[in-house]
$ cat final-v8.txt   # compact mmCIF, C-alpha atoms
# COMPACT_ATOMS: atom_id res chain seq x y z
CA MET G 1 234.67 93.92 200.33
CA ALA G 2 233.23 97.39 199.80
CA TRP G 3 230.32 98.42 201.96
CA ASP G 4 227.15 100.01 200.49
CA TRP G 5 226.59 102.86 202.94
CA ASP G 6 223.12 103.85 201.67
CA LYS G 7 221.94 100.30 201.92
CA LEU G 8 223.20 100.04 205.44
CA GLN G 9 221.38 103.21 206.51
CA GLN G 10 218.14 101.93 205.07
CA GLN G 11 218.53 98.65 206.97
CA ARG G 12 219.04 100.57 210.22
CA ARG G 13 215.86 102.65 209.68
CA THR G 14 213.95 99.49 208.95
CA ALA G 15 215.19 97.92 212.12
CA GLY G 16 213.96 100.86 214.22
CA GLY G 17 217.21 102.67 214.70
CA GLY G 18 218.75 105.53 212.81
CA THR G 19 219.12 109.24 213.20
CA PRO G 20 216.13 111.51 213.91
CA PRO G 21 214.64 113.54 211.03
CA GLN G 22 216.12 116.88 210.21
CA VAL G 23 214.34 120.21 210.90
CA ASN G 24 213.96 121.15 207.25
CA GLU G 25 212.26 117.85 206.55
CA VAL G 26 209.70 118.51 209.29
CA ILE G 27 208.98 122.01 207.96
CA ASN G 28 208.49 120.69 204.43
CA LYS G 29 206.09 118.05 205.70
CA ILE G 30 204.06 120.70 207.59
CA LYS G 31 203.85 122.90 204.48
CA GLY G 32 202.65 119.95 202.43
CA VAL G 33 199.88 119.15 204.87
CA LYS G 34 198.85 122.83 204.99
CA GLY G 35 198.69 122.97 201.21
CA LYS G 36 196.48 119.91 201.09
CA PHE G 37 193.99 121.32 203.61
CA GLY G 38 193.96 124.66 201.83
CA GLY G 39 192.81 123.01 198.55
CA LEU G 40 190.06 121.05 200.33
CA GLY G 41 188.80 124.23 201.93
CA LEU G 42 188.61 125.94 198.59
CA ILE G 43 186.70 123.02 197.12
CA PHE G 44 184.35 123.05 200.10
CA VAL G 45 183.67 126.77 199.65
CA VAL G 46 182.99 126.28 195.93
CA LEU G 47 180.57 123.43 196.65
CA ILE G 48 178.68 125.60 199.15
CA LEU G 49 178.41 128.40 196.62
CA LEU G 50 177.14 126.01 193.94
CA TYR G 51 174.56 124.58 196.32
CA LEU G 52 173.35 128.03 197.30
CA GLY G 53 173.16 129.11 193.67
CA SER G 54 171.23 126.03 192.60
CA SER G 55 168.80 126.40 195.49
CA MET G 56 168.27 130.13 194.91
CA PHE G 57 167.42 129.93 191.20
CA TYR G 58 164.81 127.66 189.65
CA THR G 59 162.95 127.40 186.35
CA VAL G 60 159.18 127.07 186.00
CA GLY G 61 157.82 125.39 182.84
CA VAL G 62 155.28 126.95 180.49
CA ASP G 63 152.52 124.68 181.77
CA GLU G 64 153.42 125.17 185.43
CA VAL G 65 153.35 127.73 188.22
CA GLY G 66 155.69 127.94 191.20
CA ILE G 67 154.41 127.98 194.77
CA VAL G 68 157.00 129.48 197.16
CA GLN G 69 156.87 128.75 200.88
CA ARG G 70 158.90 130.78 203.36
CA PHE G 71 159.61 128.84 206.55
CA GLY G 72 156.80 126.47 205.58
CA ALA G 73 154.10 129.10 205.05
CA TYR G 74 152.73 130.13 201.66
CA HIS G 75 154.42 133.32 200.44
CA ARG G 76 153.83 133.83 196.69
CA THR G 77 153.07 132.29 193.30
CA THR G 78 155.63 132.64 190.53
CA SER G 79 155.04 132.59 186.77
CA PRO G 80 156.82 130.46 184.12
CA GLY G 81 160.48 131.25 183.47
CA LEU G 82 163.62 131.76 185.59
CA ASN G 83 162.82 132.80 189.17
CA PHE G 84 164.78 133.66 192.33
CA LYS G 85 164.20 132.64 195.93
CA PHE G 86 166.09 132.46 199.17
CA PRO G 87 168.21 129.34 199.79
CA SER G 88 166.71 126.08 200.92
CA GLY G 89 165.86 126.11 204.56
CA ILE G 90 164.38 129.58 204.18
CA GLU G 91 162.22 129.25 201.09
CA LYS G 92 160.98 126.23 199.20
CA ALA G 93 159.56 126.22 195.66
CA THR G 94 157.02 123.62 194.47
CA LYS G 95 156.06 123.34 190.83
CA VAL G 96 152.43 122.58 189.99
CA LYS G 97 151.23 121.69 186.47
CA VAL G 98 148.13 123.81 185.83
CA ARG G 99 147.70 123.13 182.09
CA PHE G 100 148.40 119.42 182.06
CA VAL G 101 145.38 117.10 181.91
CA PHE G 102 145.69 114.32 184.48
CA LYS G 103 143.81 111.04 184.24
CA GLU G 104 142.41 108.61 186.81
CA GLU G 105 141.10 105.20 185.76
CA PHE G 106 138.52 103.15 187.64
CA GLY G 107 137.91 99.44 187.11
CA PHE G 108 141.01 98.94 184.95
CA ARG G 109 144.53 100.28 184.33
CA THR G 110 146.22 101.15 181.05
CA VAL G 111 149.28 98.95 180.57
CA LYS G 112 150.33 100.37 177.20
CA ALA G 113 148.80 103.38 175.44
CA ASP G 114 149.08 102.89 171.70
CA VAL G 115 146.95 102.46 168.61
CA ARG G 116 145.96 99.16 170.17
CA SER G 117 146.07 100.00 173.82
CA ARG G 118 146.35 97.25 176.38
CA PHE G 119 144.44 97.34 179.65
CA ALA G 120 144.80 95.41 182.87
CA THR G 121 141.66 94.13 184.57
CA GLY G 122 141.11 91.74 187.41
CA ASP G 123 139.75 91.25 190.89
CA MET G 124 142.01 93.97 192.30
CA TYR G 125 140.25 96.56 190.11
CA LEU G 126 136.79 94.96 190.02
CA SER G 127 135.82 96.36 193.42
CA GLU G 128 136.08 99.89 192.02
CA SER G 129 133.58 99.31 189.23
CA LEU G 130 131.21 96.75 190.77
CA MET G 131 127.98 98.62 191.66
CA LEU G 132 124.32 98.04 192.48
CA THR G 133 121.81 99.67 190.12
CA GLY G 134 118.43 101.14 190.94
CA ASP G 135 116.58 98.03 189.75
CA LEU G 136 118.71 95.82 192.07
CA ASN G 137 121.02 94.50 189.36
CA VAL G 138 124.80 94.24 189.67
CA ALA G 139 126.74 96.14 187.01
CA VAL G 140 130.43 96.56 186.16
CA VAL G 141 130.87 100.27 185.40
CA PRO G 142 134.43 101.27 184.42
CA TRP G 143 135.14 104.96 183.76
CA ILE G 144 137.90 107.57 183.36
CA VAL G 145 138.13 110.99 185.04
CA GLN G 146 140.23 113.65 183.32
CA TYR G 147 141.02 116.76 185.36
CA ARG G 148 143.32 119.76 185.73
CA VAL G 149 144.60 121.78 188.67
CA ARG G 150 142.56 124.98 188.76
CA ASP G 151 143.80 126.46 192.06
CA PRO G 152 147.38 125.47 193.01
CA TYR G 153 147.05 126.92 196.52
CA ASP G 154 144.00 124.79 197.38
CA TYR G 155 145.55 121.79 195.65
CA LEU G 156 148.71 121.94 197.82
CA PHE G 157 147.49 123.24 201.17
CA LYS G 158 143.73 122.64 201.58
CA VAL G 159 143.74 118.86 201.06
CA LYS G 160 146.35 116.43 202.30
CA ASP G 161 145.93 113.92 199.45
CA PRO G 162 144.21 115.53 196.43
CA ARG G 163 144.53 112.48 194.21
CA GLY G 164 143.14 110.12 196.85
CA THR G 165 140.32 112.56 197.60
CA LEU G 166 139.48 112.76 193.90
CA ARG G 167 139.31 108.98 193.60
CA ASP G 168 137.15 108.60 196.71
CA LEU G 169 134.72 111.34 195.63
CA SER G 170 134.59 109.97 192.08
CA GLU G 171 133.68 106.51 193.29
CA ALA G 172 131.07 107.83 195.73
CA THR G 173 129.49 110.05 193.06
CA MET G 174 129.40 107.26 190.50
CA ARG G 175 127.74 104.87 192.93
CA LEU G 176 125.15 107.55 193.76
CA VAL G 177 124.26 108.09 190.11
CA VAL G 178 124.23 104.37 189.27
CA GLY G 179 121.97 103.67 192.24
CA ASP G 180 119.29 105.92 190.69
CA ARG G 181 119.29 104.25 187.27
CA SER G 182 118.31 100.88 185.85
CA ILE G 183 120.82 98.56 184.24
CA ASN G 184 119.39 99.22 180.77
CA GLU G 185 119.67 102.99 181.20
CA ILE G 186 123.28 102.69 182.31
CA ILE G 187 124.15 100.57 179.27
CA SER G 188 122.24 102.59 176.66
CA LYS G 189 122.55 106.19 177.98
CA ARG G 190 126.22 106.46 178.90
CA GLU G 191 126.70 110.05 177.68
CA GLU G 192 123.78 111.40 179.71
CA PHE G 193 124.91 109.34 182.68
CA ALA G 194 128.51 110.68 182.43
CA ALA G 195 127.34 114.32 182.22
CA GLN G 196 125.31 113.96 185.41
CA ALA G 197 128.20 112.28 187.23
CA GLN G 198 130.61 115.05 186.15
CA GLU G 199 128.31 117.77 187.47
CA LEU G 200 127.89 116.09 190.85
CA LEU G 201 131.61 115.31 191.16
CA GLN G 202 132.59 118.92 190.46
CA LYS G 203 130.24 120.14 193.19
CA GLU G 204 131.78 117.74 195.72
CA LEU G 205 135.34 118.75 194.74
CA ASP G 206 134.46 122.42 195.14
CA LEU G 207 133.00 121.79 198.58
CA ALA G 208 136.18 119.96 199.59
CA GLU G 209 138.33 122.86 198.24
CA THR G 210 140.59 120.53 196.29
CA GLY G 211 141.42 123.09 193.60
CA ILE G 212 140.63 120.49 190.91
CA SER G 213 138.53 121.09 187.79
CA VAL G 214 137.01 118.03 186.11
CA SER G 215 137.44 118.18 182.33
CA THR G 216 135.50 115.08 181.29
CA ILE G 217 134.18 111.77 182.57
CA GLU G 218 134.39 109.03 179.96
CA MET G 219 132.26 105.95 180.48
CA LYS G 220 133.70 102.70 179.22
CA ARG G 221 131.68 99.66 178.20
CA THR G 222 129.22 98.83 180.96
CA ASN G 223 128.26 95.21 181.47
CA VAL G 224 127.22 92.72 184.11
CA PRO G 225 129.59 90.32 185.92
CA GLU G 226 130.61 87.23 183.98
CA ALA G 227 128.85 84.93 186.45
CA VAL G 228 125.42 86.36 185.58
CA GLN G 229 126.09 87.14 181.92
CA PRO G 230 124.09 84.16 180.50
CA SER G 231 121.05 84.98 182.64
CA PHE G 232 121.30 88.63 181.71
CA ASN G 233 121.41 87.73 178.00
CA GLU G 234 118.29 85.62 178.39
CA VAL G 235 116.50 88.49 180.10
CA ASN G 236 117.55 90.86 177.32
CA GLN G 237 116.32 88.40 174.71
CA ALA G 238 112.96 88.13 176.47
CA VAL G 239 112.74 91.92 176.65
CA GLN G 240 113.51 92.20 172.94
CA GLU G 241 110.82 89.64 172.11
CA LYS G 242 108.39 91.58 174.27
CA GLU G 243 109.26 94.80 172.48
CA LYS G 244 108.86 93.04 169.14
CA MET G 245 105.37 91.82 170.04
CA ILE G 246 104.40 95.26 171.28
CA TYR G 247 105.66 96.75 168.03
CA GLN G 248 103.68 94.26 165.95
CA ALA G 249 100.56 94.92 168.02
CA ARG G 250 100.97 98.66 167.57
CA GLU G 251 101.46 98.16 163.84
CA ALA G 252 98.22 96.16 163.61
CA TYR G 253 96.47 98.75 165.76
CA ASN G 254 97.67 101.59 163.55
CA LYS G 255 96.46 99.69 160.49
CA LEU G 256 93.04 98.52 161.67
CA ILE G 257 91.88 101.34 163.91
CA PRO G 258 92.15 104.09 161.26
CA GLN G 259 90.35 101.82 158.79
CA ALA G 260 87.53 101.22 161.25
CA ARG G 261 87.37 104.91 162.06
CA GLY G 262 87.17 105.69 158.34
CA SER G 263 84.32 103.22 157.85
CA ALA G 264 82.48 104.66 160.82
CA GLU G 265 83.00 108.18 159.53
CA LYS G 266 81.72 107.15 156.11
CA THR G 267 78.59 105.56 157.60
CA ILE G 268 77.96 108.67 159.70
CA ARG G 269 78.31 110.93 156.65
CA GLU G 270 75.95 108.74 154.61
CA ALA G 271 73.40 108.82 157.42
CA GLU G 272 73.67 112.59 157.69
CA GLY G 273 73.24 112.90 153.92
CA TYR G 274 70.19 110.66 154.00
CA ARG G 275 68.76 112.67 156.88
CA LEU G 276 69.27 115.93 155.04
CA GLN G 277 67.70 114.44 151.92
CA ARG G 278 64.61 113.25 153.77
CA VAL G 279 64.23 116.49 155.65
CA ASN G 280 64.62 118.59 152.54
CA ARG G 281 62.17 116.40 150.63
CA ALA G 282 59.63 116.61 153.45
CA GLN G 283 60.05 120.35 153.67
CA GLY G 284 59.64 120.61 149.86
CA ASP G 285 56.51 118.46 149.93
CA ALA G 286 55.08 120.55 152.73
CA SER G 287 55.88 123.77 150.89
CA ARG G 288 54.30 122.44 147.69
CA PHE G 289 51.20 121.29 149.58
CA LEU G 290 50.85 124.69 151.19
CA ALA G 291 51.23 126.41 147.82
CA LEU G 292 48.57 124.12 146.32
CA TYR G 293 46.32 124.75 149.24
CA GLU G 294 46.63 128.48 148.79
CA GLU G 295 45.73 128.18 145.09
CA TYR G 296 42.92 125.75 145.95
CA ALA G 297 41.52 128.19 148.46
CA LYS G 298 41.47 130.91 145.78
CA ALA G 299 39.67 128.80 143.11
CA GLU G 300 38.47 125.46 144.39
CA ASP G 301 36.77 124.15 141.22
CA ILE G 302 39.56 125.07 138.84
CA THR G 303 42.24 123.76 141.16
CA ARG G 304 40.39 120.50 141.77
CA ARG G 305 39.96 119.95 138.04
CA ARG G 306 43.60 120.74 137.35
CA LEU G 307 44.74 118.30 140.03
CA TYR G 308 42.44 115.65 138.56
CA LEU G 309 43.77 116.12 135.07
CA GLU G 310 47.40 116.05 136.25
CA ALA G 311 46.77 112.84 138.18
CA ILE G 312 45.05 111.20 135.18
CA ARG G 313 47.92 112.27 132.89
CA GLU G 314 50.39 110.59 135.22
CA ILE G 315 48.36 107.40 135.83
CA LEU G 316 46.98 106.52 132.39
CA PRO G 317 50.33 105.79 130.66
CA LYS G 318 51.07 103.19 133.30
CA MET G 319 47.76 101.25 132.88
CA GLY G 320 48.39 99.50 129.51
CA GLU G 321 45.24 98.67 127.45
CA LYS G 322 42.24 100.77 128.29
CA TYR G 323 38.59 100.31 127.39
CA ILE G 324 36.21 103.23 127.54
CA VAL G 325 32.62 102.15 128.00
CA ASP G 326 29.71 104.43 127.52
CA ALA G 327 27.60 104.81 130.55
CA GLU G 328 24.48 103.96 128.55
CA GLN G 329 25.90 100.70 127.23
CA LYS G 330 23.83 97.77 128.52
CA ASN G 331 25.44 94.77 126.87
CA LEU G 332 29.15 93.83 127.27
CA LEU G 333 29.30 91.29 124.46
CA PRO G 334 30.80 93.66 121.93
CA LEU G 335 33.67 94.11 124.33
CA LEU G 336 34.33 90.41 124.41
CA SER G 337 34.36 90.16 120.63
CA LEU G 338 36.87 92.99 120.44
CA GLY G 339 39.21 91.09 122.66
CA GLY G 340 38.77 87.88 120.67
CA SER G 341 39.39 89.49 117.34
CA LYS G 342 42.61 90.98 118.58
CA GLY G 343 43.79 87.70 119.97
CA GLY G 344 42.86 85.91 116.70
CA GLN G 345 45.18 87.97 114.59
CA PRO G 346 48.08 86.07 113.09

$ encode --input "final-v8.txt" --output "structure tokens"
Amino acid sequence: MAWDWDKLQQQRRTAGGGTPPQVNEVINKIKGVKGKFGGLGLIFVVLILLYLGSSMFYTVGVDEVGIVQRFGAYHRTTSPGLNFKFPSGIEKATKVKVRFVFKEEFGFRTVKADVRSRFATGDMYLSESLMLTGDLNVAVVPWIVQYRVRDPYDYLFKVKDPRGTLRDLSEATMRLVVGDRSINEIISKREEFAAQAQELLQKELDLAETGISVSTIEMKRTNVPEAVQPSFNEVNQAVQEKEKMIYQAREAYNKLIPQARGSAEKTIREAEGYRLQRVNRAQGDASRFLALYEEYAKAEDITRRRLYLEAIREILPKMGEKYIVDAEQKNLLPLLSLGGSKGGQP
């Protein structure tokens, strides 16, 4: 039976025996290990260089600025584009959007912004918008604050939490303004109300050195809590009826008072005209009497006769039938017959 020498040697090595490895085999093994470690070192060096390159160059967007800190302290502000800095650990670059308009919502949250946007409301957001008005009514006042970063340095280093500070100051300002207004003013004058709130909020943000500029404050639909909505509607209905009655009363007032004033003015004018007429007539009569008196004083007989004749000419036509009796007539019978003959005519 022929022996398989190679198989026998393999069985001996498996069993723990066998000849020791040769020198050339050991050298080849050492070279192989050295080659492996040399490739890992090269890869390690390349990775370090890539890390340093990526941390030394950075890109700033068109709506951003870069704030570079060296060992934690502010060093410089970089403009949009490709910029260089020292590796991480020495310098750190923070990008701040200075042209982007941020938005903070109070009393609700936007779930989906679309043509028909969806909003989330509930008890967790109600506390933000639930406020007490100046006339001691409870109102739900949701609003939106839109703002931009005006000063990146103040925004990053002067305030620890700019967004939280903005929300706290917005809520405090809104409660201050609402507390000075009635519920009807808040519902009907939202634009005026929002302008006042924006002005006060900007002053508070400037005092806090937040570096934030408020663009607009948009007031959403203001209402009362659902629990008091029926009572509030009844009050509004009563107020509307009151306004209606006041309007009707003013309409009647505007109709009747001018008419009465016109009648009074007419009566006064008629009285003044009558007064002027009487005065003028009296003055004319007095002037005529004085003129007659002057003529009478010049020629008493002629003036007396003329006055007598003028009076007779005015009186006689008004007397009707007239009988002229001679002063020497003693018997009145002829006068009676004259009257009878006239009455006897057919």

$ atom_distance --input "final-v8.txt" --atom1 "CA of Lys103 (chain G)" --atom2 "CA of Gly66 (chain G)"
21.8 Å

$ closest_atom_pairs --input "final-v8.txt" --of "region 38-100 of chain G" --to "region 149-169 of chain G" --cutoff "10 Å" --atoms "only C-alpha atoms" --output "tab-separated table"
residue	atom	partner	partner_atom	distance
G:Glu64	CA	G:Pro152	CA	9.7
G:Val65	CA	G:Pro152	CA	8.0
G:Gly66	CA	G:Pro152	CA	8.9
G:Ile67	CA	G:Tyr153	CA	7.6
G:Ala73	CA	G:Phe157	CA	9.6
G:Tyr74	CA	G:Tyr153	CA	8.3
G:Arg76	CA	G:Tyr153	CA	9.7
G:Thr77	CA	G:Tyr153	CA	8.7
G:Thr94	CA	G:Leu156	CA	9.1
G:Lys95	CA	G:Pro152	CA	9.2
G:Val96	CA	G:Pro152	CA	6.6
G:Lys97	CA	G:Val149	CA	7.0
G:Val98	CA	G:Val149	CA	5.0
G:Arg99	CA	G:Val149	CA	7.4
G:Phe100	CA	G:Val149	CA	8.0

$ atom_distance --input "final-v8.txt" --atom1 "CA of Thr216 (chain G)" --atom2 "CA of Asp123 (chain G)"
26.0 Å

$ atom_distance --input "final-v8.txt" --atom1 "CA of Glu128 (chain G)" --atom2 "CA of Phe108 (chain G)"
8.7 Å

$ closest_residue --input "final-v8.txt" --among "G:Met124, G:Met56, G:Val141, G:Ile217" --to "Glu191 (chain G)" --atoms "all atoms listed in the file"
G:Ile217

$ build_atoms --input "final-v8.txt" --residues "region 238-258 of chain G" --atoms "N, CA and C atoms" --output "short mmCIF file (atom, residue, chain, number, x, y, z; two decimals), keeping the file's coordinate frame"
data_model
loop_
_atom_site.label_atom_id
_atom_site.label_comp_id
_atom_site.auth_asym_id
_atom_site.auth_seq_id
_atom_site.Cartn_x
_atom_site.Cartn_y
_atom_site.Cartn_z
N ALA G 238 114.40 88.10 176.16
CA ALA G 238 112.96 88.13 176.47
C ALA G 238 112.41 89.55 176.33
N VAL G 239 113.18 90.53 176.78
CA VAL G 239 112.74 91.92 176.65
C VAL G 239 112.62 92.32 175.19
N GLN G 240 113.57 91.88 174.37
CA GLN G 240 113.51 92.20 172.94
C GLN G 240 112.30 91.55 172.28
N GLU G 241 112.01 90.29 172.66
CA GLU G 241 110.82 89.64 172.11
C GLU G 241 109.55 90.37 172.54
N LYS G 242 109.54 90.82 173.79
CA LYS G 242 108.39 91.58 174.27
C LYS G 242 108.23 92.87 173.47
N GLU G 243 109.32 93.57 173.26
CA GLU G 243 109.26 94.80 172.48
C GLU G 243 108.81 94.53 171.04
N LYS G 244 109.27 93.40 170.49
CA LYS G 244 108.86 93.04 169.14
C LYS G 244 107.36 92.80 169.06
N MET G 245 106.81 92.08 170.04
CA MET G 245 105.37 91.82 170.04
C MET G 245 104.58 93.10 170.23
N ILE G 246 105.08 93.97 171.08
CA ILE G 246 104.40 95.26 171.28
C ILE G 246 104.42 96.07 169.99
N TYR G 247 105.56 96.02 169.29
CA TYR G 247 105.66 96.75 168.03
C TYR G 247 104.69 96.19 166.99
N GLN G 248 104.61 94.86 166.90
CA GLN G 248 103.68 94.26 165.95
C GLN G 248 102.24 94.59 166.31
N ALA G 249 101.92 94.58 167.61
CA ALA G 249 100.56 94.92 168.02
C ALA G 249 100.24 96.38 167.69
N ARG G 250 101.19 97.25 167.91
CA ARG G 250 100.97 98.66 167.57
C ARG G 250 100.82 98.85 166.06
N GLU G 251 101.58 98.06 165.30
CA GLU G 251 101.46 98.16 163.84
C GLU G 251 100.07 97.73 163.39
N ALA G 252 99.57 96.60 163.95
CA ALA G 252 98.22 96.16 163.61
C ALA G 252 97.18 97.18 164.07
N TYR G 253 97.39 97.73 165.24
CA TYR G 253 96.47 98.75 165.76
C TYR G 253 96.43 99.96 164.83
N ASN G 254 97.62 100.42 164.43
CA ASN G 254 97.67 101.59 163.55
C ASN G 254 97.08 101.31 162.17
N LYS G 255 97.02 100.05 161.79
CA LYS G 255 96.46 99.69 160.49
C LYS G 255 94.95 99.52 160.56
N LEU G 256 94.45 98.85 161.60
CA LEU G 256 93.04 98.52 161.67
C LEU G 256 92.19 99.65 162.25
N ILE G 257 92.68 100.30 163.27
CA ILE G 257 91.88 101.34 163.91
C ILE G 257 91.57 102.49 162.96
N PRO G 258 92.52 103.03 162.23
CA PRO G 258 92.15 104.09 161.26
C PRO G 258 91.16 103.62 160.21
#
